[in-house]
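**Q** Starting off with a structure, shown below.
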Amino acid sequence: MIRYLYANQLSQYPRLAETMFRDRASQFIDRLKWDLQTSAEGWELDEYDRMNPLYVILEGADGAHAASMRCLPSIGRTMVNDHFRHLNHGIAIRAPFIWECTRFCIAPGACSAAVNRAGALMLAGQELGLRFKLTRALGVYDASMIRIYHNIGWVPEFIGAEGEGHDRICLGLWAFSPELRDRVAEKAGLDPAIAAGWFDAAFPERQSVAVA
Amino acid sequence: MTWVKDFLERLDSTTSLDGVQNLVVELRNRLGVEHAIYHIVGGTGREYGALTYDPDWVQHYIDSQYFRIDPVVNAAFHSHRPIDWKTLNWRQPAARRLIREAVDEGVGKQGYTVPIRGVDGQFALFSVTSYDSESAWDRFGAEHLHHLVLCGHYIHQRAAEIMAPDPAHRAADLSARERDVLTLLSLGHSRGEAAQRLRISEHTFRAYLDTARLKLNAANTVQAVASAVTRGLILP
């Protein structure tokens with residue numbers, strides 16, 4: 001299932017949090033060789049994880065992390081504006097209805113499963129954007145991801161890039177729309193309505209009456 | 001929604017905090033809510049609010065230290081999305097007292113609060129309140145939540161600009177890499193040497209230099225380095 005969790009809620013899901021931060025270390029540091037820090041426990045954590053981001057996490061049947069991404073509104077501090085602004089001619093992208101999504105991470109495992117996991121996660125991302133009435137997601141991606149985005153059915157609008165070949169890093173915007181959500185769901189072999197239930201479970205309309 | 005566009009344009013041309021206050025009053029009237037409240041939270045050194053609450057209520061809230069137990073403030077710290085007050089837990093005795101007094105003192109019994117975070121770590125809240133029934137308030141939310149996010153964000157931005165009007169005195173927010181680039185150049189390294197030390201390509205190095213120059217509004221590299229040193233953004 002998909003969970004939408006703010007950082008301050010992760011302590012309620014210790015196994016999910018631990019496996020997510022470990023999988024991030026193995027994907028970004030071990031495999032992609034990004035110059036990132038790990039904590040004493042071997043978790044890949046950075047300053048943006050301390051800004052109480054909203055994580056979208058695909059949880060496996062065993063309660064462990066299967067795929068995830070990290071979301072923050074672009075009007076606050078963001079990784080893209082702090083570190084990749086030069087990919088947009090030095091101009092920060094800030095808008096109330098654009099959120100950045102970073103640390104798109106798939107747990108190590110079989111390749112075929114990886115595409116399905118990415119699809120489920122992207123479907124959850126579409127649901128988030130539509131329900132929060134966002135217009136676009138902002139993010140950086142490496143060139144190898146473009147093929148995966150095509151397979152998923154949700155391709156970013158390209159803004160700028162640096163580097164060549166495997167080191168090429170791109171900045172892009174992903175649009176939100178009901179049509180895109182349905183296409184992502186179809187490609188992932190999922191019912192588009194499944195994401196609505198995940199979202200409702202995370203953001204209940206009402207817990208208690210204000211005036212008892 | 002043309003009134004939202006109109007509101008944002010007028011906000012943009014406002015040059016005083018009194019003007020912002022007047023626009024918040026107008027916004028309250030336009031939305032037909034009981035109150036509209038924008039205020040900066042926490043010890044950032046800058047205290048400002050534009051609101052329609054009775055000053056006696058504000059004083060009472062501060063004197064009672066309600067900010068310590070207010071479920072709205074607590075929830076806003078952990079959220080990036082508007083908060084519907086009725087989804088919060090008001091069962092604690094102190095919170096029950098707060099909401100009971102708020103209803104009695106003319107604040108309202110329903111509310112939405114938009115948390116706002118600036119790039120400089122500032123934290124502000126924009127709220128509207130009402131005595132509407134739950135169902136009427138839900139309809140209001142469905143129609144206006146989106147507008148509240150927009151208005152709250154731009155009120156915050158405008159107020160910040162009015163309080164720090166001179167761009168030369170505002171810290172140009174150079175990224176860590178941009179500072180590295182200027183620092184190495186200020187130490188007399190060539191671009192090639194500096195890029196090598198930072199373990200980035202010369203192409204990437206030039207990109208950082210360009211963005212730093214843009215931010216500092218400098219015509220060339222020498223000016224950019226001089227400007228960054230003068231403003232204390234890098235050490236000479």
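Ligands are numbered from 1 in the order shown, chains are lettered A, B, ... in the order of the structure tokens, and residues start at 1 in each chain.
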I need the chain A residues near chain B as a PDB file with N, CA, C and O atoms, in the first residue's frame; criterion: at most 9 Å, counting only C-alpha atoms.

**A**
```pdb
ATOM      1  N   TYR A   6       4.227  12.621   6.799  1.00  0.00           N
ATOM      2  CA  TYR A   6       5.157  13.691   7.106  1.00  0.00           C
ATOM      3  C   TYR A   6       6.304  13.099   7.926  1.00  0.00           C
ATOM      4  O   TYR A   6       6.138  12.076   8.605  1.00  0.00           O
ATOM      5  N   ALA A   7       7.464  13.774   7.885  1.00  0.00           N
ATOM      6  CA  ALA A   7       8.645  13.264   8.583  1.00  0.00           C
ATOM      7  C   ALA A   7       8.360  13.018  10.065  1.00  0.00           C
ATOM      8  O   ALA A   7       8.839  12.044  10.643  1.00  0.00           O
ATOM      9  N   ASN A   8       7.551  13.899  10.665  1.00  0.00           N
ATOM     10  CA  ASN A   8       7.295  13.730  12.104  1.00  0.00           C
ATOM     11  C   ASN A   8       6.397  12.536  12.398  1.00  0.00           C
ATOM     12  O   ASN A   8       6.203  12.195  13.557  1.00  0.00           O
ATOM     13  N   ASN A  52      10.618  18.645   7.716  1.00  0.00           N
ATOM     14  CA  ASN A  52       9.338  17.940   7.781  1.00  0.00           C
ATOM     15  C   ASN A  52       8.677  17.767   6.409  1.00  0.00           C
ATOM     16  O   ASN A  52       7.524  18.160   6.206  1.00  0.00           O
ATOM     17  N   PRO A  53       9.390  17.177   5.461  1.00  0.00           N
ATOM     18  CA  PRO A  53       8.785  16.944   4.148  1.00  0.00           C
ATOM     19  C   PRO A  53       7.677  15.910   4.236  1.00  0.00           C
ATOM     20  O   PRO A  53       7.556  15.201   5.236  1.00  0.00           O
ATOM     21  N   LEU A  54       6.899  15.843   3.168  1.00  0.00           N
ATOM     22  CA  LEU A  54       5.881  14.807   3.046  1.00  0.00           C
ATOM     23  C   LEU A  54       6.465  13.694   2.174  1.00  0.00           C
ATOM     24  O   LEU A  54       6.895  13.953   1.052  1.00  0.00           O
ATOM     25  N   LEU A  72       8.178  18.681  -1.046  1.00  0.00           N
ATOM     26  CA  LEU A  72       8.192  19.941  -0.287  1.00  0.00           C
ATOM     27  C   LEU A  72       7.614  21.047  -1.168  1.00  0.00           C
ATOM     28  O   LEU A  72       7.863  21.067  -2.374  1.00  0.00           O
ATOM     29  N   PRO A  73       6.883  21.999  -0.566  1.00  0.00           N
ATOM     30  CA  PRO A  73       6.380  23.121  -1.373  1.00  0.00           C
ATOM     31  C   PRO A  73       7.546  23.965  -1.887  1.00  0.00           C
ATOM     32  O   PRO A  73       8.519  24.167  -1.168  1.00  0.00           O
ATOM     33  N   ILE A  75       7.658  27.091  -2.354  1.00  0.00           N
ATOM     34  CA  ILE A  75       7.768  28.453  -1.819  1.00  0.00           C
ATOM     35  C   ILE A  75       8.664  28.497  -0.583  1.00  0.00           C
ATOM     36  O   ILE A  75       9.096  29.564  -0.178  1.00  0.00           O
ATOM     37  N   GLY A  76       8.932  27.359   0.032  1.00  0.00           N
ATOM     38  CA  GLY A  76       9.902  27.313   1.125  1.00  0.00           C
ATOM     39  C   GLY A  76      11.272  26.984   0.542  1.00  0.00           C
ATOM     40  O   GLY A  76      11.519  27.163  -0.648  1.00  0.00           O
ATOM     41  N   ARG A  77      12.167  26.502   1.402  1.00  0.00           N
ATOM     42  CA  ARG A  77      13.479  26.090   0.888  1.00  0.00           C
ATOM     43  C   ARG A  77      13.344  24.772   0.158  1.00  0.00           C
ATOM     44  O   ARG A  77      12.661  23.865   0.626  1.00  0.00           O
ATOM     45  N   THR A  78      13.983  24.669  -0.979  1.00  0.00           N
ATOM     46  CA  THR A  78      13.945  23.412  -1.724  1.00  0.00           C
ATOM     47  C   THR A  78      15.334  23.067  -2.229  1.00  0.00           C
ATOM     48  O   THR A  78      16.167  23.938  -2.431  1.00  0.00           O
ATOM     49  N   ASN A  81      15.961  24.656  -5.833  1.00  0.00           N
ATOM     50  CA  ASN A  81      16.331  26.069  -5.874  1.00  0.00           C
ATOM     51  C   ASN A  81      17.675  26.323  -5.206  1.00  0.00           C
ATOM     52  O   ASN A  81      18.396  27.240  -5.581  1.00  0.00           O
ATOM     53  N   ASP A  82      18.033  25.518  -4.216  1.00  0.00           N
ATOM     54  CA  ASP A  82      19.313  25.712  -3.539  1.00  0.00           C
ATOM     55  C   ASP A  82      20.485  25.186  -4.359  1.00  0.00           C
ATOM     56  O   ASP A  82      21.561  25.760  -4.351  1.00  0.00           O
ATOM     57  N   HIS A  83      20.289  24.070  -5.051  1.00  0.00           N
ATOM     58  CA  HIS A  83      21.438  23.383  -5.659  1.00  0.00           C
ATOM     59  C   HIS A  83      21.384  23.217  -7.176  1.00  0.00           C
ATOM     60  O   HIS A  83      22.397  22.923  -7.798  1.00  0.00           O
ATOM     61  N   ARG A  85      19.594  25.458  -9.339  1.00  0.00           N
ATOM     62  CA  ARG A  85      18.993  26.644  -9.947  1.00  0.00           C
ATOM     63  C   ARG A  85      19.682  27.011 -11.267  1.00  0.00           C
ATOM     64  O   ARG A  85      19.065  27.565 -12.168  1.00  0.00           O
ATOM     65  N   HIS A  86      20.976  26.689 -11.369  1.00  0.00           N
ATOM     66  CA  HIS A  86      21.699  27.037 -12.597  1.00  0.00           C
ATOM     67  C   HIS A  86      21.133  26.310 -13.807  1.00  0.00           C
ATOM     68  O   HIS A  86      21.357  26.724 -14.934  1.00  0.00           O
ATOM     69  N   LEU A  87      20.390  25.230 -13.576  1.00  0.00           N
ATOM     70  CA  LEU A  87      19.780  24.531 -14.712  1.00  0.00           C
ATOM     71  C   LEU A  87      18.583  25.310 -15.259  1.00  0.00           C
ATOM     72  O   LEU A  87      18.036  24.983 -16.295  1.00  0.00           O
ATOM     73  N   HIS A  89      18.842  28.821 -15.630  1.00  0.00           N
ATOM     74  CA  HIS A  89      19.477  30.126 -15.811  1.00  0.00           C
ATOM     75  C   HIS A  89      19.570  30.904 -14.504  1.00  0.00           C
ATOM     76  O   HIS A  89      19.492  32.135 -14.505  1.00  0.00           O
ATOM     77  N   GLY A  90      19.700  30.210 -13.397  1.00  0.00           N
ATOM     78  CA  GLY A  90      19.886  30.897 -12.122  1.00  0.00           C
ATOM     79  C   GLY A  90      18.609  31.431 -11.514  1.00  0.00           C
ATOM     80  O   GLY A  90      18.646  32.120 -10.504  1.00  0.00           O
ATOM     81  N   ILE A  91      17.486  31.118 -12.128  1.00  0.00           N
ATOM     82  CA  ILE A  91      16.215  31.659 -11.624  1.00  0.00           C
ATOM     83  C   ILE A  91      15.514  30.595 -10.776  1.00  0.00           C
ATOM     84  O   ILE A  91      15.295  29.465 -11.237  1.00  0.00           O
ATOM     85  N   PRO A  96       3.067  28.817  -5.374  1.00  0.00           N
ATOM     86  CA  PRO A  96       2.284  28.141  -4.333  1.00  0.00           C
ATOM     87  C   PRO A  96       1.784  26.763  -4.759  1.00  0.00           C
ATOM     88  O   PRO A  96       1.566  25.909  -3.907  1.00  0.00           O
ATOM     89  N   PHE A  97       1.608  26.540  -6.046  1.00  0.00           N
ATOM     90  CA  PHE A  97       1.040  25.258  -6.466  1.00  0.00           C
ATOM     91  C   PHE A  97       2.038  24.391  -7.234  1.00  0.00           C
ATOM     92  O   PHE A  97       1.657  23.533  -8.017  1.00  0.00           O
ATOM     93  N   PHE A 132      -4.325  18.028  -3.777  1.00  0.00           N
ATOM     94  CA  PHE A 132      -3.805  19.279  -3.220  1.00  0.00           C
ATOM     95  C   PHE A 132      -3.977  20.435  -4.209  1.00  0.00           C
ATOM     96  O   PHE A 132      -3.543  21.535  -3.954  1.00  0.00           O
ATOM     97  N   LYS A 133      -4.551  20.155  -5.355  1.00  0.00           N
ATOM     98  CA  LYS A 133      -4.761  21.153  -6.413  1.00  0.00           C
ATOM     99  C   LYS A 133      -3.439  21.789  -6.867  1.00  0.00           C
ATOM    100  O   LYS A 133      -3.353  23.002  -7.087  1.00  0.00           O
ATOM    101  N   GLU A 162      22.721  19.511 -17.229  1.00  0.00           N
ATOM    102  CA  GLU A 162      24.175  19.665 -17.235  1.00  0.00           C
ATOM    103  C   GLU A 162      24.796  18.274 -17.291  1.00  0.00           C
ATOM    104  O   GLU A 162      24.158  17.293 -16.907  1.00  0.00           O
ATOM    105  N   GLY A 163      26.033  18.226 -17.779  1.00  0.00           N
ATOM    106  CA  GLY A 163      26.743  16.950 -17.820  1.00  0.00           C
ATOM    107  C   GLY A 163      26.396  16.145 -19.068  1.00  0.00           C
ATOM    108  O   GLY A 163      25.498  16.492 -19.821  1.00  0.00           O
ATOM    109  N   PRO A 204      -7.539  12.286   6.625  1.00  0.00           N
ATOM    110  CA  PRO A 204      -8.963  12.146   6.910  1.00  0.00           C
ATOM    111  C   PRO A 204      -9.643  13.517   6.929  1.00  0.00           C
ATOM    112  O   PRO A 204      -9.055  14.506   7.344  1.00  0.00           O
ATOM    113  N   GLU A 205     -10.877  13.541   6.473  1.00  0.00           N
ATOM    114  CA  GLU A 205     -11.642  14.783   6.409  1.00  0.00           C
ATOM    115  C   GLU A 205     -11.913  15.328   7.799  1.00  0.00           C
ATOM    116  O   GLU A 205     -12.027  16.520   8.007  1.00  0.00           O
ATOM    117  N   ARG A 206     -12.044  14.426   8.765  1.00  0.00           N
ATOM    118  CA  ARG A 206     -12.553  14.891  10.041  1.00  0.00           C
ATOM    119  C   ARG A 206     -12.153  13.887  11.112  1.00  0.00           C
ATOM    120  O   ARG A 206     -12.339  12.690  10.951  1.00  0.00           O
ATOM    121  N   GLN A 207     -11.554  14.383  12.203  1.00  0.00           N
ATOM    122  CA  GLN A 207     -11.199  13.483  13.307  1.00  0.00           C
ATOM    123  C   GLN A 207     -12.168  13.638  14.452  1.00  0.00           C
ATOM    124  O   GLN A 207     -12.567  12.699  15.087  1.00  0.00           O
ATOM    125  N   SER A 208     -12.529  14.889  14.707  1.00  0.00           N
ATOM    126  CA  SER A 208     -13.434  15.141  15.810  1.00  0.00           C
ATOM    127  C   SER A 208     -14.140  16.453  15.529  1.00  0.00           C
ATOM    128  O   SER A 208     -13.703  17.225  14.700  1.00  0.00           O
ATOM    129  N   VAL A 209     -15.200  16.706  16.209  1.00  0.00           N
ATOM    130  CA  VAL A 209     -15.931  17.946  15.998  1.00  0.00           C
ATOM    131  C   VAL A 209     -15.245  19.063  16.766  1.00  0.00           C
ATOM    132  O   VAL A 209     -14.807  18.887  17.901  1.00  0.00           O
ATOM    133  N   ALA A 210     -15.126  20.221  16.124  1.00  0.00           N
ATOM    134  CA  ALA A 210     -14.390  21.326  16.731  1.00  0.00           C
ATOM    135  C   ALA A 210     -15.033  21.745  18.050  1.00  0.00           C
ATOM    136  O   ALA A 210     -14.373  21.906  19.055  1.00  0.00           O
ATOM    137  N   VAL A 211     -16.312  21.932  18.023  1.00  0.00           N
ATOM    138  CA  VAL A 211     -16.988  22.413  19.224  1.00  0.00           C
ATOM    139  C   VAL A 211     -17.850  21.294  19.775  1.00  0.00           C
ATOM    140  O   VAL A 211     -18.879  20.955  19.222  1.00  0.00           O
ATOM    141  N   ALA A 212     -17.386  20.696  20.848  1.00  0.00           N
ATOM    142  CA  ALA A 212     -18.124  19.564  21.395  1.00  0.00           C
ATOM    143  C   ALA A 212     -19.279  20.060  22.255  1.00  0.00           C
ATOM    144  O   ALA A 212     -19.247  21.163  22.755  1.00  0.00           O
TER     145      ALA A 212
END
```

**Q** Can you pull out every residue within 7 Å of stretch 138-155 of chain A, counting only C-alpha atoms, but drop anything in the same chain fewer than 5 positions away, and send it as a PyMOL selection string?

**A** chain A and resi 80+98-102+119+166+168-174+180+183-184+187-188

**Q** Only N, CA and C atoms, please: the residues just picked out, written as a PDB file, in the first residue's frame.

**A**
```pdb
ATOM      1  N   VAL A  80      16.004  21.880  -5.196  1.00  0.00           N
ATOM      2  CA  VAL A  80      16.150  22.339  -6.585  1.00  0.00           C
ATOM      3  C   VAL A  80      16.613  23.793  -6.618  1.00  0.00           C
ATOM      4  N   ILE A  98       3.306  24.660  -7.009  1.00  0.00           N
ATOM      5  CA  ILE A  98       4.349  23.748  -7.505  1.00  0.00           C
ATOM      6  C   ILE A  98       5.090  23.202  -6.282  1.00  0.00           C
ATOM      7  N   TRP A  99       5.170  21.891  -6.174  1.00  0.00           N
ATOM      8  CA  TRP A  99       5.957  21.254  -5.112  1.00  0.00           C
ATOM      9  C   TRP A  99       7.133  20.539  -5.763  1.00  0.00           C
ATOM     10  N   GLU A 100       8.244  20.476  -5.031  1.00  0.00           N
ATOM     11  CA  GLU A 100       9.352  19.703  -5.578  1.00  0.00           C
ATOM     12  C   GLU A 100       9.277  18.272  -5.055  1.00  0.00           C
ATOM     13  N   CYS A 101       9.664  17.354  -5.925  1.00  0.00           N
ATOM     14  CA  CYS A 101       9.757  15.944  -5.546  1.00  0.00           C
ATOM     15  C   CYS A 101      11.188  15.507  -5.765  1.00  0.00           C
ATOM     16  N   THR A 102      11.800  14.954  -4.719  1.00  0.00           N
ATOM     17  CA  THR A 102      13.195  14.544  -4.811  1.00  0.00           C
ATOM     18  C   THR A 102      13.359  13.151  -4.217  1.00  0.00           C
ATOM     19  N   GLY A 119       5.509   2.818 -11.045  1.00  0.00           N
ATOM     20  CA  GLY A 119       4.188   3.203 -11.534  1.00  0.00           C
ATOM     21  C   GLY A 119       3.220   3.464 -10.392  1.00  0.00           C
ATOM     22  N   HIS A 166      26.075   9.293 -18.685  1.00  0.00           N
ATOM     23  CA  HIS A 166      25.505   8.814 -17.420  1.00  0.00           C
ATOM     24  C   HIS A 166      25.464   9.897 -16.355  1.00  0.00           C
ATOM     25  N   ARG A 168      24.603  12.953 -16.839  1.00  0.00           N
ATOM     26  CA  ARG A 168      23.697  14.042 -17.216  1.00  0.00           C
ATOM     27  C   ARG A 168      22.557  14.162 -16.197  1.00  0.00           C
ATOM     28  N   ILE A 169      22.407  15.373 -15.657  1.00  0.00           N
ATOM     29  CA  ILE A 169      21.351  15.672 -14.680  1.00  0.00           C
ATOM     30  C   ILE A 169      20.395  16.673 -15.311  1.00  0.00           C
ATOM     31  N   CYS A 170      19.108  16.368 -15.261  1.00  0.00           N
ATOM     32  CA  CYS A 170      18.114  17.235 -15.895  1.00  0.00           C
ATOM     33  C   CYS A 170      17.168  17.808 -14.846  1.00  0.00           C
ATOM     34  N   LEU A 171      16.643  18.987 -15.168  1.00  0.00           N
ATOM     35  CA  LEU A 171      15.611  19.624 -14.344  1.00  0.00           C
ATOM     36  C   LEU A 171      14.311  19.596 -15.145  1.00  0.00           C
ATOM     37  N   GLY A 172      13.227  19.224 -14.501  1.00  0.00           N
ATOM     38  CA  GLY A 172      11.976  19.132 -15.254  1.00  0.00           C
ATOM     39  C   GLY A 172      10.752  19.381 -14.396  1.00  0.00           C
ATOM     40  N   LEU A 173       9.630  19.572 -15.086  1.00  0.00           N
ATOM     41  CA  LEU A 173       8.334  19.770 -14.434  1.00  0.00           C
ATOM     42  C   LEU A 173       7.385  18.664 -14.879  1.00  0.00           C
ATOM     43  N   TRP A 174       6.663  18.093 -13.935  1.00  0.00           N
ATOM     44  CA  TRP A 174       5.672  17.061 -14.230  1.00  0.00           C
ATOM     45  C   TRP A 174       4.277  17.643 -14.020  1.00  0.00           C
ATOM     46  N   LEU A 180      -3.642  12.183 -17.071  1.00  0.00           N
ATOM     47  CA  LEU A 180      -2.330  11.598 -16.794  1.00  0.00           C
ATOM     48  C   LEU A 180      -2.428  10.546 -15.691  1.00  0.00           C
ATOM     49  N   ARG A 183      -3.751   7.425 -17.140  1.00  0.00           N
ATOM     50  CA  ARG A 183      -2.769   6.749 -17.999  1.00  0.00           C
ATOM     51  C   ARG A 183      -1.701   6.035 -17.155  1.00  0.00           C
ATOM     52  N   VAL A 184      -1.233   6.724 -16.105  1.00  0.00           N
ATOM     53  CA  VAL A 184      -0.236   6.114 -15.208  1.00  0.00           C
ATOM     54  C   VAL A 184      -0.821   4.853 -14.573  1.00  0.00           C
ATOM     55  N   LYS A 187      -1.006   2.016 -17.194  1.00  0.00           N
ATOM     56  CA  LYS A 187       0.313   1.429 -17.475  1.00  0.00           C
ATOM     57  C   LYS A 187       0.808   0.575 -16.305  1.00  0.00           C
ATOM     58  N   ALA A 188       0.426   0.976 -15.088  1.00  0.00           N
ATOM     59  CA  ALA A 188       0.860   0.218 -13.909  1.00  0.00           C
ATOM     60  C   ALA A 188      -0.074  -0.958 -13.640  1.00  0.00           C
TER      61      ALA A 188
END
```

**Q** Write out as JSON, numbers by chain which residues come within 9 Å of stretch 33-39 of chain B when counting only C-alpha atoms, dropping same-chain ones fewer than 3 positions away.

**A** {"B": [24, 25, 27, 28, 29, 30, 47, 48, 49, 50, 51, 52, 53, 106, 107, 108, 123, 124, 125, 126, 127, 128, 129, 130, 131, 132, 152, 155, 156]}

**Q** Print the selection's residues with N, CA, C and O atoms to a file, as an mmCIF file, in the first residue's frame.

**A**
```
data_model
loop_
_atom_site.group_PDB
_atom_site.id
_atom_site.type_symbol
_atom_site.label_atom_id
_atom_site.label_comp_id
_atom_site.auth_asym_id
_atom_site.auth_seq_id
_atom_site.Cartn_x
_atom_site.Cartn_y
_atom_site.Cartn_z
ATOM 1 N N VAL B 24 -6.313 43.085 3.931
ATOM 2 C CA VAL B 24 -6.767 41.902 4.680
ATOM 3 C C VAL B 24 -8.213 42.108 5.150
ATOM 4 O O VAL B 24 -9.027 41.184 5.096
ATOM 5 N N VAL B 25 -8.541 43.337 5.568
ATOM 6 C CA VAL B 25 -9.930 43.639 5.954
ATOM 7 C C VAL B 25 -10.851 43.448 4.743
ATOM 8 O O VAL B 25 -11.911 42.815 4.837
ATOM 9 N N LEU B 27 -10.343 41.611 2.186
ATOM 10 C CA LEU B 27 -10.392 40.191 1.843
ATOM 11 C C LEU B 27 -11.426 39.482 2.721
ATOM 12 O O LEU B 27 -12.214 38.657 2.244
ATOM 13 N N ARG B 28 -11.423 39.811 4.020
ATOM 14 C CA ARG B 28 -12.415 39.254 4.944
ATOM 15 C C ARG B 28 -13.826 39.546 4.424
ATOM 16 O O ARG B 28 -14.684 38.662 4.354
ATOM 17 N N ASN B 29 -14.059 40.819 4.038
ATOM 18 C CA ASN B 29 -15.389 41.198 3.566
ATOM 19 C C ASN B 29 -15.749 40.477 2.259
ATOM 20 O O ASN B 29 -16.865 40.015 2.076
ATOM 21 N N ARG B 30 -14.763 40.376 1.381
ATOM 22 C CA ARG B 30 -15.017 39.759 0.082
ATOM 23 C C ARG B 30 -15.373 38.270 0.242
ATOM 24 O O ARG B 30 -16.254 37.749 -0.437
ATOM 25 N N GLU B 47 8.195 40.890 14.117
ATOM 26 C CA GLU B 47 6.823 40.620 14.531
ATOM 27 C C GLU B 47 5.901 41.429 13.640
ATOM 28 O O GLU B 47 6.037 42.641 13.531
ATOM 29 N N TYR B 48 4.991 40.780 12.996
ATOM 30 C CA TYR B 48 4.033 41.532 12.203
ATOM 31 C C TYR B 48 2.766 40.720 12.045
ATOM 32 O O TYR B 48 2.794 39.506 11.915
ATOM 33 N N GLY B 49 1.651 41.432 12.070
ATOM 34 C CA GLY B 49 0.377 40.791 11.809
ATOM 35 C C GLY B 49 -0.540 41.750 11.095
ATOM 36 O O GLY B 49 -0.453 42.960 11.291
ATOM 37 N N ALA B 50 -1.382 41.228 10.230
ATOM 38 C CA ALA B 50 -2.440 42.019 9.598
ATOM 39 C C ALA B 50 -3.710 41.224 9.823
ATOM 40 O O ALA B 50 -3.842 40.120 9.284
ATOM 41 N N LEU B 51 -4.612 41.737 10.670
ATOM 42 C CA LEU B 51 -5.719 40.899 11.104
ATOM 43 C C LEU B 51 -6.944 41.717 11.487
ATOM 44 O O LEU B 51 -6.848 42.916 11.733
ATOM 45 N N THR B 52 -8.070 41.017 11.556
ATOM 46 C CA THR B 52 -9.319 41.699 11.878
ATOM 47 C C THR B 52 -9.825 41.341 13.272
ATOM 48 O O THR B 52 -10.899 41.776 13.657
ATOM 49 N N TYR B 53 -9.054 40.533 14.038
ATOM 50 C CA TYR B 53 -9.468 40.186 15.399
ATOM 51 C C TYR B 53 -9.582 41.439 16.256
ATOM 52 O O TYR B 53 -8.835 42.407 16.068
ATOM 53 N N GLY B 106 -16.251 35.982 19.798
ATOM 54 C CA GLY B 106 -16.432 36.521 18.452
ATOM 55 C C GLY B 106 -15.375 36.095 17.450
ATOM 56 O O GLY B 106 -15.276 36.678 16.372
ATOM 57 N N VAL B 107 -14.557 35.093 17.788
ATOM 58 C CA VAL B 107 -13.535 34.621 16.840
ATOM 59 C C VAL B 107 -14.180 33.799 15.725
ATOM 60 O O VAL B 107 -13.935 34.013 14.526
ATOM 61 N N GLY B 108 -15.029 32.857 16.151
ATOM 62 C CA GLY B 108 -15.656 31.966 15.179
ATOM 63 C C GLY B 108 -15.621 30.564 15.729
ATOM 64 O O GLY B 108 -14.964 30.296 16.747
ATOM 65 N N PHE B 123 8.251 31.652 9.492
ATOM 66 C CA PHE B 123 7.038 30.845 9.568
ATOM 67 C C PHE B 123 5.868 31.773 9.878
ATOM 68 O O PHE B 123 5.948 32.571 10.817
ATOM 69 N N ALA B 124 4.837 31.697 9.087
ATOM 70 C CA ALA B 124 3.677 32.564 9.276
ATOM 71 C C ALA B 124 2.409 31.748 9.075
ATOM 72 O O ALA B 124 2.442 30.643 8.518
ATOM 73 N N LEU B 125 1.305 32.306 9.561
ATOM 74 C CA LEU B 125 0.013 31.648 9.395
ATOM 75 C C LEU B 125 -0.971 32.623 8.788
ATOM 76 O O LEU B 125 -0.979 33.803 9.131
ATOM 77 N N PHE B 126 -1.791 32.112 7.893
ATOM 78 C CA PHE B 126 -2.905 32.898 7.382
ATOM 79 C C PHE B 126 -4.181 32.100 7.638
ATOM 80 O O PHE B 126 -4.291 30.952 7.203
ATOM 81 N N SER B 127 -5.124 32.716 8.385
ATOM 82 C CA SER B 127 -6.333 31.998 8.781
ATOM 83 C C SER B 127 -7.573 32.791 8.432
ATOM 84 O O SER B 127 -7.539 34.025 8.369
ATOM 85 N N VAL B 128 -8.650 32.090 8.218
ATOM 86 C CA VAL B 128 -9.976 32.713 8.163
ATOM 87 C C VAL B 128 -10.888 31.925 9.093
ATOM 88 O O VAL B 128 -10.689 30.723 9.299
ATOM 89 N N THR B 129 -11.867 32.616 9.687
ATOM 90 C CA THR B 129 -12.766 31.968 10.638
ATOM 91 C C THR B 129 -14.214 32.271 10.282
ATOM 92 O O THR B 129 -14.480 33.183 9.497
ATOM 93 N N SER B 130 -15.110 31.509 10.901
ATOM 94 C CA SER B 130 -16.520 31.666 10.571
ATOM 95 C C SER B 130 -17.400 31.047 11.646
ATOM 96 O O SER B 130 -16.941 30.217 12.440
ATOM 97 N N TYR B 131 -18.675 31.479 11.668
ATOM 98 C CA TYR B 131 -19.677 30.822 12.500
ATOM 99 C C TYR B 131 -20.570 29.924 11.657
ATOM 100 O O TYR B 131 -21.648 29.529 12.084
ATOM 101 N N ASP B 132 -20.125 29.618 10.443
ATOM 102 C CA ASP B 132 -20.894 28.744 9.552
ATOM 103 C C ASP B 132 -21.125 27.366 10.178
ATOM 104 O O ASP B 132 -20.350 26.911 11.020
ATOM 105 N N GLY B 152 -2.632 33.999 1.135
ATOM 106 C CA GLY B 152 -1.739 33.927 2.291
ATOM 107 C C GLY B 152 -0.291 34.040 1.866
ATOM 108 O O GLY B 152 0.498 34.795 2.446
ATOM 109 N N ILE B 155 0.444 37.661 0.635
ATOM 110 C CA ILE B 155 0.456 38.628 1.745
ATOM 111 C C ILE B 155 1.800 38.526 2.467
ATOM 112 O O ILE B 155 2.452 39.522 2.767
ATOM 113 N N HIS B 156 2.225 37.281 2.714
ATOM 114 C CA HIS B 156 3.501 37.052 3.397
ATOM 115 C C HIS B 156 4.657 37.667 2.605
ATOM 116 O O HIS B 156 5.512 38.362 3.150
#
```

**Q** Please provide the set of residues having any atom within 9 Å of B:Gly192, restricted to only C-alpha atoms, with same-chain residues fewer than 2 positions apart removed, written as a list in words.

**A** His189, Ser190, Ala194, Ala195, Gln196, Arg197, Ser201, Glu202 and Phe205 of chain B

**Q** Hey, what's within 12 Å of B:Thr14 if we count only C-alpha atoms and toss same-chain stuff fewer than 2 positions away? As a list in words, please?

**A** Phe7, Leu8, Glu9, Arg10, Leu11, Asp12, Ser16, Leu17, Asp18, Gly19, Val20, Gln21, Asn22, Leu23, Val24, Tyr154, Ile155, Gln157, Arg158, Ala159, Glu161 and Ile162 of chain B

**Q** Atom CA of B:Pro115 to atom CA of B:Tyr66: how many Å, to one decimal?

**A**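 Computing the Euclidean distance for atom CA of B:Pro115 and atom CA of B:Tyr66 yields 17.6 Å.
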